[in-house]
Structures are given as C-alpha cells and as structure tokens.
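Contents: one structure, followed by commentary.
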Amino acid sequence: MADLATKQINELEEQLQRRKKLQDITNRIHSAQNIKQILVDLKDGILNLFDAHSITIYIVDRIRNEIFSMFLSGSKLSEIRVPINNRSIAGYVANNGKIVNIADAYDEKELRAIDKELSFDSSWDKKSGFRTRQILTAPIFHNGKLMGAVQILNKKSTVNGGRFSEDEKGFLNEITEVLGVAFFNQERFARRRKTRFDYLISRDLLKEEDLENAWEESREQKETMENFLMKKYKISKENIGKSLAEFYRCKFVQFNDKIPIPGDLIKNLKKDYLRRELWVPINRLEDGNINILVDDPNNILKRDMIENLMKTKTIRYDVALSDDIVKFINYFYQSPEDETSISDILGKLDADAGDAEPEEEGEVVTESDSAIMQLVNKIINDAYSRRTSDIHIEPNVGKKNVEVRFRVDGDCGLYQTVPYSYRAALVSRIKIMSNLDITIKRIPQDGKIKFKRPGGDEIELRVATIPTQGGVEDVVMRILAKGETLPLEAMGMLPRNYKGLIDICEKPYGMILVVGPTGSGKTTTLHAALHHINTPDRKIWTAEDPVEITQYGLRQVQVQPKIGFDFAAAMRAFLRADPDIIMVGEMRDFETAKTGVEASLTGHLVFSTLHTNSAPETITRLLDMGIDPLNFADALLGILAQRLVRTLCKNCREAYHPSPKEFEELIESYGEEDFERLNVKYTDDFTLYRPKGCDICDKSGYKGRMGIHELLVASDNIKRMIQKHEPVEVLREMSMKEGMTTLLQDGIQKALQGITDFKQIRRVCIK
C-alpha cells in the first residue's frame with residue numbers, strides 16, 4: 001500500500017511539473033514579440049515538455065497555400081515550406097484539420113490507413129543521418145480559421161506502443177489553442193501598422209522598440225531613416241533594400257555607373273529639379289514602359305507629377321535610396337572625367353539640329369560638328385576607363401536608337417544609346433579618325449586610330465566597318481592593349497604546365513606553338529615566354545600584326561600585308577639577320593608554317609600562334625596544310641592551347657556546398673579515372689564558390705579573367721605518331737597518358753580552387 005501511495009504521489013508531482021512547464025510555455029507564447037520568436041526561440045521548452053527530439057512550428061501562408069517554418073542554419077535564418085495537401089504529414093494535418101499520432105513514419109500501411117495519398121519524405125533523414133520514428137502533428141486554429149501546425153518527432157522514451165500518449169495529445173491541443181491566439185494577434189498587429197521596415201522586424205534584424213526610437217532620432221539628426229538604420233544598427237544596404245522592395249512591391253535598385261545614360265529621357269528634365277524631387281528615369285523597358293527610380297513609389301502626388309512631365313502613364317516605378325537617386329542624377333548629368341557628360345553632348349546636338357527634320361539621305365548633324373567629335377572621344381575614353389576590349393557601334397533599322405556596347409572581361413554589355421538621327425555622323429566621324437573612305441558604305445573597311453587621352457596616354461584602336469541590313473554600317477573598335485609584359489608566373493598555370501613550358505622554352509632550337517581563338521591571350525603568353533628567355537646573349541626577332549606589347553631587348557617588326565610584307569616575308573628576312581629566336585604572330589598559310597619548320601630545323605627557336613581548338617588538333621591542322629610530317633615531328637617541342645575565363649570577384653564570392661548531382665557532373669566532365677587522382681572527396685565540408693555580386697564587380701560576381709591551359713609536350717611517342725599522321729583522338733589519348741590535362745580539366749581544377757566556377761569553364765570548353 002505504501003508503494004502504491006508513493007507511486008501515486010510521484011505521478012501527481014510529475015503531472016504538476018508538466019503542468020507548470022505547459023504554463024511557462026503558454027506565458028512565453030503570449031509575451032513573444034514576433035512570429036520569429038515563436039517559431040525559433042520557444043522550441044526547446046516544448047521539446048522538454050514532450051521529452052522529444054525535434055519540433056517544427058508552422059504558420060500558414062494563405063497566398064501560396066503553404067505552411068512554413070523558420071530554423072537557424074548556423075547563424076543564418078532559413079525557411080522550410082510545405083504545400084497544404086495530403087501528400088505530406090504536416091500538409092495533411094493543415095489540409096484536413098485533424099491531429100495525427102504515428103508510431104513509425106516508415107510504415108507505409110500506417111500512413112495509407114490515414115490517407116491513401118499520404119507518404120513520408122525521407123530525404124532529410126538521409127542527408128542528416130536522423131531516423132524519424134514517432135510523429136505527433138496537430139493543426140493550429142483560431143475561431144475556425146487555420147493559422148498553422150505543430151509537428152513533434154521521436155519520443156526519447158518509448159511506451160504506449162511507441163506512440164505519443166493521450167495526455168501528450170491533450171497538452172499539444174492546449175499549446176495549439178494558445179498559438180492560435182498568438183498568431184491571430186501577430187497577424188492583426190501586422191495589419192494594423194505596416195511600415196517599410198517590417199521585413200527587418202520579422203527577420204529579427206531590428207527590434208520593435210529600436211525602430212520606434214529611430215523615427216525620432218533620425219528626425220533630430222536630419223538623416224533619412226534608411227541611412228540612420230544602416231549607421232546606428234548596422235543594417236546592411238541589401239537588407240534595407242529587401243525591406244523596401246517587400247513593402248512597395250517593386251524592385252530595389254542600387255547605384256551602378258555601368259547603366260547606360262538615358263539621354264532621350266532626361267534631355268528635357270532639369271538636374272536641380274530631379275535632385276530636389278528625388279526621382280530619375282533610368283531606361284526604357286522592352287515592353288515600352290519607362291523605368292523610373294523614386295524614393296517613395298506610393299506617393300500619388302509625385303507619380304501624377306512624373307506622368308505629366310514624361311507625357312505618359314506607361315511607367316514602371318522602382319524604389320532606391322535617396323542617396324543613390326542623387327548619385328544617378330549626378331552621373332547622368334556630369335562626368336568625373338571631364339565637365340561634359342553624354343547628356344550635355346546630346347543636348348548640344350539637339351540644339352544644333354534645331355527644329356529641322358532630317359532627310360532620308362542627309363543628316364542635320366554632320367561628322368564635323370564639335371558635339372559629334374566630343375561624343376566619339378567620350379565613348380573611347382569611357383571604354384578605356386572601364387577596361388573594355390571592344391567597342392560596338394550598332395545602328396538599328398526602323399529609326400530606332402543607335403546602341404553602343406562595350407565588351408569587358410569577355411562579356412558584351414550596353415553602355416549607351418544614341419538617337420537614330422546621329423547614326424551617319426557618328427560612323428563617319430570614326431571613319432575619318434581611321435583614315436577610311438566615308439563615301440564607301442557598301443563594302444567592309446579596316447583601319448586604325450591613334451587616340452590621345454586627356455592625361456597624355458596614347459592608345460591605339462583597330463577599326464572594322466561592316467555594312468548591315470537596312471543600309472546602315474556597324475563599327476567595331478578593338479582597343480589594342482599596350483602594356484608591360486606579364487611574367488610567366490602570373491599566367492595562372494598549374495605546376496605541370498608551368499614547368500613543362502619553362503623546359504621547352506629553354507631548348508636551343510625547335511618550334512613552340514600557342515593556340516586558341518581570337519582574344520584568348522596568345523600574344524600575352526608568347527611575350528611572357530620570350531621575357532623569360534630574353535637575355536643579352538640572344539638575338540630575338542618578332543613579326544606581329546599589330547605590335548601590341550613592346551619589350552626591351554626584342555627587335556619587333558610590324559607586318560604590312562597590303563604592300564606584300566606578310567609573315568612569310570618577315571620570316572625570310574629574319575633568317576638573313578642572324579637570329580637566335582624568332583616569334584611570328586600567326587601561321588596563317590602553308591608558306592609561313594613551312595618557313596617556320598625549316599627555321600626551327602636550322603638551329604633557331606621559333607614561336608608562333610594558330611587558331612585551333614586544342615593542342616592535338618593543331619598537329620593535324622598543320623599536317624593537313626601540307627607540312628612534311630617527318631620535318632614537323634623533328635621540329636616540334638610543344639603546343640600550348642589556352643582560353644580565358646572570368647574569375648570570381650574575391651570580395652564577394654560565396655562559398656556553398658554543392659549537391660551530389662553537381663559533384664557527379666564535375667566527375668563526369670573531368671573523367672572518372674583522372675578525377676580519382678585529384679583525391680577530392682564529396683564530404684559535408686566540400687565547398688565550391690559561386691558569384692554573388694557587389695559594388696566592386698558591378699553586381700556581376702566576376703572581376704577580371706585568367707587563363708586555362710592544355711600543354712602537349714612533343715615526346716618521342718608523340719613524334720612517332722606525327723610521323724605516322726595519327727588522328728586527333730590517338731594523339732590526345734597518348735598526351736593525357738603522359739600527363740597532359742585538357743582545357744576542361746585545367747578549368748575544373750581552378751573551379752575546385754575557388755578561382756572561377758564551372759559555369760564559366762563550360763562557356764569556353766567543349767571537352
């Protein structure tokens with residue numbers, strides 16, 4: 001009897017303790033400041049009450065017909081979302097409003113007994129190593145309205161056949177009632193007072209009382225709320241932007257000086273007026289709408305004023321910080337390079353044109369107008385400042401604007417649009433600067449511009465004009481990069497390629513080829529190799545078209561094909577001028593290639609380039625030209641194929657754990673056997689990098705370029721295969737056996753190092 005009494009007393013004490021825990025949880029739910037505090041911070045108390053391993057509290061998202069929850073992943077707040085339907089346990093409970101108590105989540109019969117569609121998603125278990133068994137899930141209602149759901153997993157002690165007890169179901173019902181009231185109050189509170197900073201409150205980036213204080217403090221300090229929050233509470237600009245975008249239901253735009261200046265949209269607007277009213281047009285969208293940046297897209301009076309001035313209602317409003325709007329206005333109306341901006345130049349052109357209508361054949365504005373000269377100069381200066389390799393002038397048919405595009409780091413992007421009526425004057429001005437015939441418009445022309453920049457630097461541009469559909473001409477200007485010779489160590493080669501190239505460069509005679517498409521850095525690599533062996537005891541001749549990189553100690557010659565002084569003629573001249581080393585810009589034809597092979601066999605070290613896709617393909621290309629296989633096999637030292645890939649911005653690149661599928665794709669692309677030699681394993685710590693975007697890289701996530709390489713060294717085996725005229729596949733297989741990494745493999749290794757990403761490698765490599 002005494003034992004029975006003691007047992008009853010213990011049970012009563014246990015029930016009392018659980019009741020006290022329940023009361024504590026109830027009090028904490030009522031006092032919670034926001035939804036996040038309920039979803040994340042109260043979980044431990046509930047788990048303690050139920051003596052369980054895991055809990056998820058969901059809240060309903062009526063718009064998307066889902067329930068969602070938040071959880072901490074490290075220091076980052078993440079979301080989990082479940083559709084409201086009968087396919088998942090939490091979704092079923094929310095859909096049907098019924099509590100479920102499951103003994104084993106993997107028992108399909110038990111699940112089907114509840115609903116034939118019901119299944120358990122075991123992917124999280126596989127990923128985490130956690131084994132889900134018992135599940136107790138209850139819906140959260142308030143006044144008959146679904147507010148969310150609670151799901152508890154895995155009892156620590158298994159009684160009642162492994163299920164949660166009836167008492168525990170009762171406790172959960174009590175908790176869901178309190179949660180229903182709390183969620184309802186939070187929802188009502190959110191409806192009652194919405195501010196443009198609610199996103200910060202809901203993500204626990206800012207406390208409610210801090211926001212209340214900030215309104216008054218920012219007014220006292222005469223600062224905008226956004227700047228005040230960033231300064232005092234260290235809220236990032238990105239999070240401020242997300243909050244504004246969510247509140248105004250539009251896009252948040254940050255200042256970017258790579259956005260083309262919308263000359264046609266701002267030419268009738270005063271700079272001081274825009275600065276005072278804090279709005280500015282930034283471009284005309286593809287659907288015809290004008291894109292306007294404004295500090296408050298909900299301001300009806302300001303919108304009416306904008307629509308009257310722009311003479312249209314087809315406007316898309318986006319939000320920006322007032323400081324960024326002022327930066328856009330300053331950028332559109334003035335230039336840091338000089339006092340004249342493109343909008344000023346276009347304004348002068350409009351003034352010169354007056355009210356006259358341009359005729360079909362003639363233009364009101366001509367190539368001799370000072371404003372057109374200023375416009376061309378500004379385009380070239382801006383291109384040089386932005387590290388542009390090519391400038392594209394593209395007049396469009398149908399009296400549309402002329403587009404000016406810049407290629408930076410291999411990617412083309414719009415720089416500026418110029419009104420259609422200036423197209424002929426713009427093209428003619430460039431032709432005059434290039435010494436081309438402005439009367440010839442139906443055939444392509446080539447020329448060069450020597451351009452002096454304001455600072456005194458002189459740059460050279462290679463110009464090509466091409467007649468295009470609609471009776472207009474396109475112009476492409478390549479900025480020839482004059483600069484210092486880069487050392488071979490700066491080429492970013494893998495150790496095997498670097499050592500192999502050094503070894504063959506130090507041979508006394510033979511032929512070394514660097515191959516790849518136009519603009520892949522072949523000349524830069526050749527000059528780096530020449531720099532390594534450029535010593536006073538060696539006589540080095542180079543024939544180039546054009547001479548882009550100058551180097552002390554080299555005798556450099558510019559070929560002139562128009563007068564018959566081509567690469568083959570230069571090579572013949574060099575052989576009479578006591579050379580040790582010869583570099584010829586390109587082996588375009590049989591005669592140049594034949595002379596190069598002969599020169600290398602007569603005791604000279606010969607460097608050259610070809611436009612081929614890979615190192616092994618270069619061999620078959622030269623043999624197909626008619627080069628003697630025996631001589632070529634004797635002459636060849638090695639072939640370096642290369643490409644340029646964009647590199648990730650070091651300031652903002654983002655580390656991430658790739659999916660197994662992505663890792664398998666890397667292995668498949670690299671080759672399974674070869675990948676095993678890298679000794680790279682897929683673990684939970686395995687990390688790759690991807691682009692994110694910041695101010696330094698203009699939000700692209702990429703900054704600069706580097707080379708990927710494929711070095712074929714002409715071993716005895718390779719030389720025998722050349723003599724037999726073996727096909728490309730056989731040559732590639734032998735080269736890889738001897739240690740050659742393909743362009744794709746070299747790129748993947750650099751992606752594994754975090755220098756670039758696999759997407760960029762795929763853009764330039766086939767296999």
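How things are named: the first chain in the structure tokens is A, the next is B, and so on; residues count from 1 in each chain; ligands count from 1 in the order shown.
The strand (DSSP E) portion of region 249-293 of chain A consists of Trp279, Val280, Pro281, Ile282, Asn283, Arg284, Ile290, Asn291, Ile292 and Leu293 of chain A, with states taken from DSSP on the backbone.
The residue that comes closest to Asn381 (chain A), out of A:Ala573, A:Ile459, A:Ala464, A:Leu494 and on the basis of only C-alpha atoms, is A:Ile459.
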Within 12 Å of Ile504 (chain A) using only C-alpha atoms, minus same-chain residues under 5 positions, as a list in words
Asn497, Tyr498, Lys499, Tyr509, Gly510, Met511, Ile512, Leu513, Ala529, Leu530, His532, Ile533, Leu605, Val606, Phe607, Ala635, Leu636, Leu637, Gly638, Ile639, Leu640, Leu711, Leu712, Val713, Ala714 and Ser715 of chain A
Please save N, CA, C and O atoms of the selected residues as a short mmCIF file (atom, residue, chain, number, x, y, z; two decimals), in the first residue's frame.
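Result written to again-v5.cif:
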```cif
data_model
loop_
_atom_site.label_atom_id
_atom_site.label_comp_id
_atom_site.auth_asym_id
_atom_site.auth_seq_id
_atom_site.Cartn_x
_atom_site.Cartn_y
_atom_site.Cartn_z
N ASN A 497 52.08 22.32 -66.11
CA ASN A 497 52.11 23.14 -67.33
C ASN A 497 53.22 24.18 -67.25
O ASN A 497 53.93 24.43 -68.24
N TYR A 498 53.36 24.81 -66.08
CA TYR A 498 54.38 25.86 -65.92
C TYR A 498 55.78 25.28 -66.11
O TYR A 498 56.60 25.81 -66.86
N LYS A 499 56.05 24.15 -65.43
CA LYS A 499 57.38 23.53 -65.54
C LYS A 499 57.64 23.05 -66.96
O LYS A 499 58.74 23.23 -67.50
N TYR A 509 66.73 25.04 -79.89
CA TYR A 509 66.03 25.17 -81.17
C TYR A 509 64.78 24.29 -81.16
O TYR A 509 64.63 23.41 -80.30
N GLY A 510 63.90 24.55 -82.11
CA GLY A 510 62.64 23.82 -82.20
C GLY A 510 61.48 24.78 -82.36
O GLY A 510 61.67 26.01 -82.48
N MET A 511 60.26 24.24 -82.35
CA MET A 511 59.07 25.06 -82.56
C MET A 511 58.11 24.93 -81.38
O MET A 511 57.80 23.82 -80.93
N ILE A 512 57.65 26.08 -80.88
CA ILE A 512 56.65 26.13 -79.80
C ILE A 512 55.45 26.90 -80.31
O ILE A 512 55.60 28.03 -80.81
N LEU A 513 54.25 26.33 -80.19
CA LEU A 513 53.03 26.96 -80.69
C LEU A 513 52.08 27.25 -79.54
O LEU A 513 51.94 26.44 -78.62
N ALA A 529 56.68 34.23 -72.35
CA ALA A 529 57.70 33.19 -72.60
C ALA A 529 59.00 33.83 -73.11
O ALA A 529 60.10 33.47 -72.69
N LEU A 530 58.86 34.82 -74.03
CA LEU A 530 60.04 35.50 -74.56
C LEU A 530 60.76 36.28 -73.45
O LEU A 530 61.99 36.34 -73.42
N HIS A 532 61.01 35.46 -70.42
CA HIS A 532 61.76 34.50 -69.60
C HIS A 532 63.13 34.19 -70.20
O HIS A 532 64.09 33.92 -69.46
N ILE A 533 63.21 34.22 -71.54
CA ILE A 533 64.48 33.84 -72.20
C ILE A 533 65.15 35.05 -72.86
O ILE A 533 66.11 34.89 -73.62
N LEU A 605 65.04 28.82 -82.42
CA LEU A 605 63.86 28.56 -81.59
C LEU A 605 62.73 29.44 -82.14
O LEU A 605 62.86 30.67 -82.19
N VAL A 606 61.65 28.81 -82.59
CA VAL A 606 60.56 29.53 -83.27
C VAL A 606 59.29 29.47 -82.42
O VAL A 606 58.87 28.38 -81.98
N PHE A 607 58.69 30.63 -82.19
CA PHE A 607 57.40 30.73 -81.50
C PHE A 607 56.36 31.23 -82.50
O PHE A 607 56.65 32.13 -83.30
N ALA A 635 60.83 19.07 -85.56
CA ALA A 635 60.87 20.48 -85.15
C ALA A 635 60.07 20.74 -83.87
O ALA A 635 60.48 21.57 -83.04
N LEU A 636 58.95 20.05 -83.70
CA LEU A 636 58.01 20.43 -82.64
C LEU A 636 58.56 20.14 -81.24
O LEU A 636 59.03 19.05 -80.94
N LEU A 637 58.46 21.16 -80.37
CA LEU A 637 58.80 20.99 -78.95
C LEU A 637 57.54 20.86 -78.09
O LEU A 637 57.48 20.06 -77.15
N GLY A 638 56.53 21.67 -78.38
CA GLY A 638 55.30 21.60 -77.60
C GLY A 638 54.24 22.56 -78.12
O GLY A 638 54.53 23.50 -78.87
N ILE A 639 53.00 22.30 -77.71
CA ILE A 639 51.86 23.14 -78.12
C ILE A 639 51.06 23.48 -76.86
O ILE A 639 50.66 22.59 -76.10
N LEU A 640 50.86 24.76 -76.65
CA LEU A 640 50.05 25.22 -75.52
C LEU A 640 48.73 25.78 -76.04
O LEU A 640 48.72 26.78 -76.76
N LEU A 711 48.79 21.79 -72.21
CA LEU A 711 50.15 21.73 -72.77
C LEU A 711 50.47 20.33 -73.27
O LEU A 711 50.52 19.38 -72.48
N LEU A 712 50.67 20.22 -74.58
CA LEU A 712 51.13 18.97 -75.19
C LEU A 712 52.64 19.08 -75.40
O LEU A 712 53.10 19.97 -76.13
N VAL A 713 53.40 18.23 -74.74
CA VAL A 713 54.86 18.20 -74.91
C VAL A 713 55.20 17.13 -75.94
O VAL A 713 54.72 15.99 -75.84
N ALA A 714 56.02 17.50 -76.92
CA ALA A 714 56.34 16.56 -78.02
C ALA A 714 57.37 15.53 -77.56
O ALA A 714 58.58 15.69 -77.76
N SER A 715 56.88 14.48 -76.95
CA SER A 715 57.74 13.38 -76.50
C SER A 715 58.08 12.49 -77.70
O SER A 715 57.57 12.69 -78.81
#
```
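Nearest to Val280 (chain A) of all the residues A:Ile59, A:Leu752, A:Leu293, A:Cys694 is A:Leu293, counting only C-alpha atoms.
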Residues within 10 Å of Cys649 (chain A), only C-alpha atoms, excluding chain neighbours under 6 positions, as number ranges by chain:
A: 690-694, 696-704, 755-756
Kindly save the residues from that selection, with C-alpha atoms included, as a JSON list (two decimals), in the first residue's frame.
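Output file part.json is given in full below:
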```json
[["chain", "number", "residue", "atom", "x", "y", "z"],
["A", 690, "ARG", "CA", 29.75, 30.91, -56.86],
["A", 691, "PRO", "CA", 29.24, 34.55, -57.88],
["A", 692, "LYS", "CA", 27.24, 36.86, -55.61],
["A", 693, "GLY", "CA", 27.74, 40.46, -56.73],
["A", 694, "CYS", "CA", 28.93, 43.65, -55.03],
["A", 696, "ILE", "CA", 33.40, 46.30, -56.74],
["A", 697, "CYS", "CA", 32.34, 43.87, -59.51],
["A", 698, "ASP", "CA", 29.26, 45.88, -60.65],
["A", 699, "LYS", "CA", 26.92, 43.23, -59.18],
["A", 700, "SER", "CA", 28.15, 40.65, -61.72],
["A", 701, "GLY", "CA", 30.04, 38.44, -59.24],
["A", 702, "TYR", "CA", 33.05, 38.32, -61.58],
["A", 703, "LYS", "CA", 36.16, 40.51, -61.77],
["A", 704, "GLY", "CA", 38.95, 40.00, -64.30],
["A", 755, "ILE", "CA", 39.19, 30.91, -58.63],
["A", 756, "THR", "CA", 36.27, 30.54, -61.06]]
```
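Proximity ranking of A:Ile55, A:Val181, A:Ile718, A:Ile235 relative to Leu731 (chain A) places A:Ile718 first, based on only C-alpha atoms.
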Show me, as a PyMOL selection string, the residues that have an atom within 12 Å of region 390-394 of chain A when counting only C-alpha atoms, minus same-chain residues fewer than 5 positions from it.
chain A and resi 376+379-384+400-420+422-424+426-428+430+460-470+472-481+519
12 Å contact set for Val730 (chain A), only C-alpha atoms, chain neighbours under 2 positions out, as a count of residues only:
20
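Among the candidates A:Thr26, A:Asn48, A:Gln254, A:Asn65, the one nearest to Glu174 (chain A) when counting only C-alpha atoms is A:Thr26.
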